[in-house]
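Only one structure is covered here, and it is reproduced in the block below.
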Amino acid sequence: MGNIMDMRGVTVSFDGFKVLDNLSFSIAYDELRFLIGPNGAGKSTLLDIMTAKTRPDKGTVIFDEHINVPRVSEHRLVRHGIGRKFQTPTIFSSLSVFENLEAAIGFKTNVLQLGKRLSSEQQDKIEETLAITNLKAHQKSLAGTLSHGQKQWLEIGILLVQEPKLMLLDEPVAGMTRRERDHTGELLHRIAKNRSILVVEHDMVFVRQFATTVTVLHMGKLLCEGAVEKVQNDPQVIEVYLGRGHQAA
């Protein structure tokens with residue numbers, strides 16, 4: 001099977017500064033990939049390119065083997081199967097957890113489901129999502145009353161009910177307790193069984209615990225890529241990102 005996202009020779013410049021510099025990057029179908037790098041490495045711009053929020057100066061970006069990303073609008077890419085979660089949860093605080101999922105499930109059809117009768121298939125999808133995100137006991141609670149970790153899980157659930165082929169998650173465990181981070185890591189592994197997931201993360205303890213393949217960006221270029229053990233022991237990665245104290249640790 002090929003790559004669900006394939007970027008070749010992508011360059012992006014802002015005011016003459018190359019944020020991404022002739023970068024080639026790909027994610028396979030049904031792969032869970034972690035993306036790390038120091039601030040300013042180009043991680044957010046990479047996500048912006050994948051979602052057509054930013055157009056590359058040059059290079060190709062192909063999604064699902066046939067969709068030319070720069071020629072497609074952001075909202076149409078969502079309907080094609082790209083879901084993006086930003087670091088700060090964006091949920092409807094005044095709606096219940098169930099209602100948040102209910103509203104999201106009709107997104108692809110442009111029909112607001114809230115207050116309308118759900119089909120049995122839609123009901124099952126919401127129930128499945130509540131269970132996998134550990135929010136079943138909170139489905140009647142207002143989203144605004146959830147803990148920080150639960151809000152993050154709800155936003156992941158909002159993406160899940162839209163059935164994305166590729167999920168882009170920006171620092172999903174930021175601000176979480178250790179128990180919440182462990183649950184999130186387990187959640188990512190469960191939902192990655194039938195979709196691709198790219199996780200941008202700074203929590204290296206979390207990365208070491210739950211990542212299989214890691215990509216490291218530095219100054220808009222691919223610095224290193226491979227298994228966690230290979231990446232964390234790479235001299236260049238230690239120098240520019242993990243810090244000189246890593247080896248002693």
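So you can find residues: chains in the structure tokens are A, B, ... in the order shown, residues in each start at 1, and ligands are numbered from 1 in order.
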Which residues of segment 150-195 of chain A come within 9 Å of segment 204-223 of chain A, and for each one, what is the closest pair of atoms and their distance in Å to one decimal, counting only C-alpha atoms, sorted by chain and residue number, as CSV?
residue,atom,partner,partner_atom,distance
A:Val173,CA,A:Phe206,CA,8.3
A:Arg181,CA,A:Phe206,CA,7.3
A:Asp182,CA,A:Phe206,CA,7.9
A:Gly185,CA,A:Phe210,CA,5.9
A:Glu186,CA,A:Phe210,CA,7.9
A:Leu188,CA,A:Phe210,CA,8.7
A:His189,CA,A:Phe210,CA,8.0
With a distance cut-off of 10 Å and only C-alpha atoms, select the neighbouring residues of Lys151 of chain A, excluding the residue or stretch itself and same-chain residues fewer than 2 positions from it, and output the selection as number ranges by chain. A: 88-91, 93, 97, 135, 143-149, 153-157
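Nearest to Lys165 of chain A of all the residues A:Gly9, A:Gly59, A:Pro70, A:Gly83 is A:Gly83, based on only C-alpha atoms.
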Would you list, as a list in words, the residues of segment 29-156 of chain A that end up in strand (DSSP E or B) under DSSP run on this structure's backbone? Leu32, Arg33, Phe34, Leu35, Ile36, Lys58, Gly59, Thr60, Val61, Ile62, Phe63, Ile67, Asn68, Ile82, Gly83, Arg84, Lys85, Ser96 and Leu142 of chain A
Export N, CA, C and O atoms of the chosen residues as a PDB file, in the first residue's frame?
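Final output, result_11.pdb:
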ATOM      1  N   LEU A  32       0.927   5.392  12.490  1.00  0.00           N
ATOM      2  CA  LEU A  32       0.997   6.381  13.557  1.00  0.00           C
ATOM      3  C   LEU A  32       2.414   6.939  13.564  1.00  0.00           C
ATOM      4  O   LEU A  32       3.368   6.224  13.863  1.00  0.00           O
ATOM      5  N   ARG A  33       2.545   8.214  13.219  1.00  0.00           N
ATOM      6  CA  ARG A  33       3.856   8.861  13.127  1.00  0.00           C
ATOM      7  C   ARG A  33       3.921  10.029  14.106  1.00  0.00           C
ATOM      8  O   ARG A  33       2.974  10.800  14.238  1.00  0.00           O
ATOM      9  N   PHE A  34       5.072  10.153  14.764  1.00  0.00           N
ATOM     10  CA  PHE A  34       5.299  11.293  15.645  1.00  0.00           C
ATOM     11  C   PHE A  34       6.272  12.253  14.961  1.00  0.00           C
ATOM     12  O   PHE A  34       7.238  11.818  14.323  1.00  0.00           O
ATOM     13  N   LEU A  35       6.011  13.554  15.112  1.00  0.00           N
ATOM     14  CA  LEU A  35       6.843  14.601  14.529  1.00  0.00           C
ATOM     15  C   LEU A  35       7.361  15.491  15.646  1.00  0.00           C
ATOM     16  O   LEU A  35       6.573  16.057  16.414  1.00  0.00           O
ATOM     17  N   ILE A  36       8.687  15.600  15.754  1.00  0.00           N
ATOM     18  CA  ILE A  36       9.287  16.433  16.791  1.00  0.00           C
ATOM     19  C   ILE A  36      10.283  17.396  16.149  1.00  0.00           C
ATOM     20  O   ILE A  36      10.637  17.272  14.982  1.00  0.00           O
ATOM     21  N   LYS A  58       7.122  25.864  -3.987  1.00  0.00           N
ATOM     22  CA  LYS A  58       7.380  24.823  -4.983  1.00  0.00           C
ATOM     23  C   LYS A  58       7.288  23.458  -4.308  1.00  0.00           C
ATOM     24  O   LYS A  58       7.319  23.347  -3.083  1.00  0.00           O
ATOM     25  N   GLY A  59       7.163  22.429  -5.131  1.00  0.00           N
ATOM     26  CA  GLY A  59       7.037  21.078  -4.606  1.00  0.00           C
ATOM     27  C   GLY A  59       5.635  20.525  -4.817  1.00  0.00           C
ATOM     28  O   GLY A  59       4.712  21.247  -5.212  1.00  0.00           O
ATOM     29  N   THR A  60       5.465  19.227  -4.563  1.00  0.00           N
ATOM     30  CA  THR A  60       4.175  18.570  -4.735  1.00  0.00           C
ATOM     31  C   THR A  60       3.685  18.016  -3.405  1.00  0.00           C
ATOM     32  O   THR A  60       4.474  17.571  -2.562  1.00  0.00           O
ATOM     33  N   VAL A  61       2.359  18.062  -3.236  1.00  0.00           N
ATOM     34  CA  VAL A  61       1.717  17.534  -2.026  1.00  0.00           C
ATOM     35  C   VAL A  61       0.504  16.735  -2.480  1.00  0.00           C
ATOM     36  O   VAL A  61      -0.482  17.305  -2.956  1.00  0.00           O
ATOM     37  N   ILE A  62       0.579  15.409  -2.339  1.00  0.00           N
ATOM     38  CA  ILE A  62      -0.495  14.536  -2.811  1.00  0.00           C
ATOM     39  C   ILE A  62      -1.103  13.782  -1.631  1.00  0.00           C
ATOM     40  O   ILE A  62      -0.398  13.131  -0.852  1.00  0.00           O
ATOM     41  N   PHE A  63      -2.430  13.857  -1.501  1.00  0.00           N
ATOM     42  CA  PHE A  63      -3.164  13.151  -0.445  1.00  0.00           C
ATOM     43  C   PHE A  63      -3.970  12.008  -1.048  1.00  0.00           C
ATOM     44  O   PHE A  63      -4.607  12.170  -2.090  1.00  0.00           O
ATOM     45  N   ILE A  67      -5.142  13.247  -4.781  1.00  0.00           N
ATOM     46  CA  ILE A  67      -5.627  14.608  -4.537  1.00  0.00           C
ATOM     47  C   ILE A  67      -4.448  15.569  -4.434  1.00  0.00           C
ATOM     48  O   ILE A  67      -3.579  15.430  -3.565  1.00  0.00           O
ATOM     49  N   ASN A  68      -4.413  16.545  -5.342  1.00  0.00           N
ATOM     50  CA  ASN A  68      -3.368  17.567  -5.358  1.00  0.00           C
ATOM     51  C   ASN A  68      -3.734  18.648  -4.335  1.00  0.00           C
ATOM     52  O   ASN A  68      -4.533  19.532  -4.608  1.00  0.00           O
ATOM     53  N   ILE A  82      -9.225  14.649   5.739  1.00  0.00           N
ATOM     54  CA  ILE A  82      -8.146  15.147   6.595  1.00  0.00           C
ATOM     55  C   ILE A  82      -8.760  15.876   7.786  1.00  0.00           C
ATOM     56  O   ILE A  82      -9.526  16.825   7.618  1.00  0.00           O
ATOM     57  N   GLY A  83      -8.437  15.416   8.975  1.00  0.00           N
ATOM     58  CA  GLY A  83      -8.931  16.062  10.191  1.00  0.00           C
ATOM     59  C   GLY A  83      -7.773  16.615  10.995  1.00  0.00           C
ATOM     60  O   GLY A  83      -6.770  15.925  11.205  1.00  0.00           O
ATOM     61  N   ARG A  84      -7.900  17.856  11.439  1.00  0.00           N
ATOM     62  CA  ARG A  84      -6.809  18.488  12.181  1.00  0.00           C
ATOM     63  C   ARG A  84      -7.288  18.968  13.538  1.00  0.00           C
ATOM     64  O   ARG A  84      -8.322  19.612  13.657  1.00  0.00           O
ATOM     65  N   LYS A  85      -6.501  18.638  14.558  1.00  0.00           N
ATOM     66  CA  LYS A  85      -6.784  19.102  15.910  1.00  0.00           C
ATOM     67  C   LYS A  85      -5.660  20.032  16.351  1.00  0.00           C
ATOM     68  O   LYS A  85      -4.498  19.663  16.351  1.00  0.00           O
ATOM     69  N   SER A  96     -23.725  19.516  25.405  1.00  0.00           N
ATOM     70  CA  SER A  96     -23.255  18.312  26.086  1.00  0.00           C
ATOM     71  C   SER A  96     -22.215  17.596  25.225  1.00  0.00           C
ATOM     72  O   SER A  96     -22.061  17.893  24.033  1.00  0.00           O
ATOM     73  N   LEU A 142     -22.071  18.983  30.253  1.00  0.00           N
ATOM     74  CA  LEU A 142     -21.705  20.085  29.366  1.00  0.00           C
ATOM     75  C   LEU A 142     -20.209  20.009  29.083  1.00  0.00           C
ATOM     76  O   LEU A 142     -19.405  19.778  29.995  1.00  0.00           O
TER      77      LEU A 142
END
Please extract the residues of segment 24-239 of chain A with a backbone DSSP assignment of alpha helix (DSSP H) and present them as a VMD selection string. chain A and resid 43 to 50 74 to 80 97 to 105 120 to 132 148 to 160 178 to 191 204 to 210 228 to 232 235 to 237
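Using only C-alpha atoms for every distance, the candidate list A:Tyr241, A:Glu128, A:Glu171, A:Met50 yields A:Met50 as the residue closest to Glu74 of chain A.
The shortest atom-to-atom distance to Ile197 of chain A, with only C-alpha atoms taken into account, belongs to A:Glu31 out of A:Asp234, A:Asp124, A:Glu163, A:Glu31.
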Computed gap from atom CA of Glu65 of chain A to atom CA of Lys53 of chain A is 19.6 Å
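Across the structure, atom CA of Gln152 of chain A and atom CA of Leu77 of chain A are spaced 22.3 Å apart.
A straight line drawn from atom CA of Gln150 of chain A to atom CA of Val78 of chain A is 23.5 Å long.
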Taking only C-alpha atoms into account, which of A:Ala137, A:Gln232, A:Asp30, A:Arg178 comes nearest Lys193 of chain A? A:Asp30
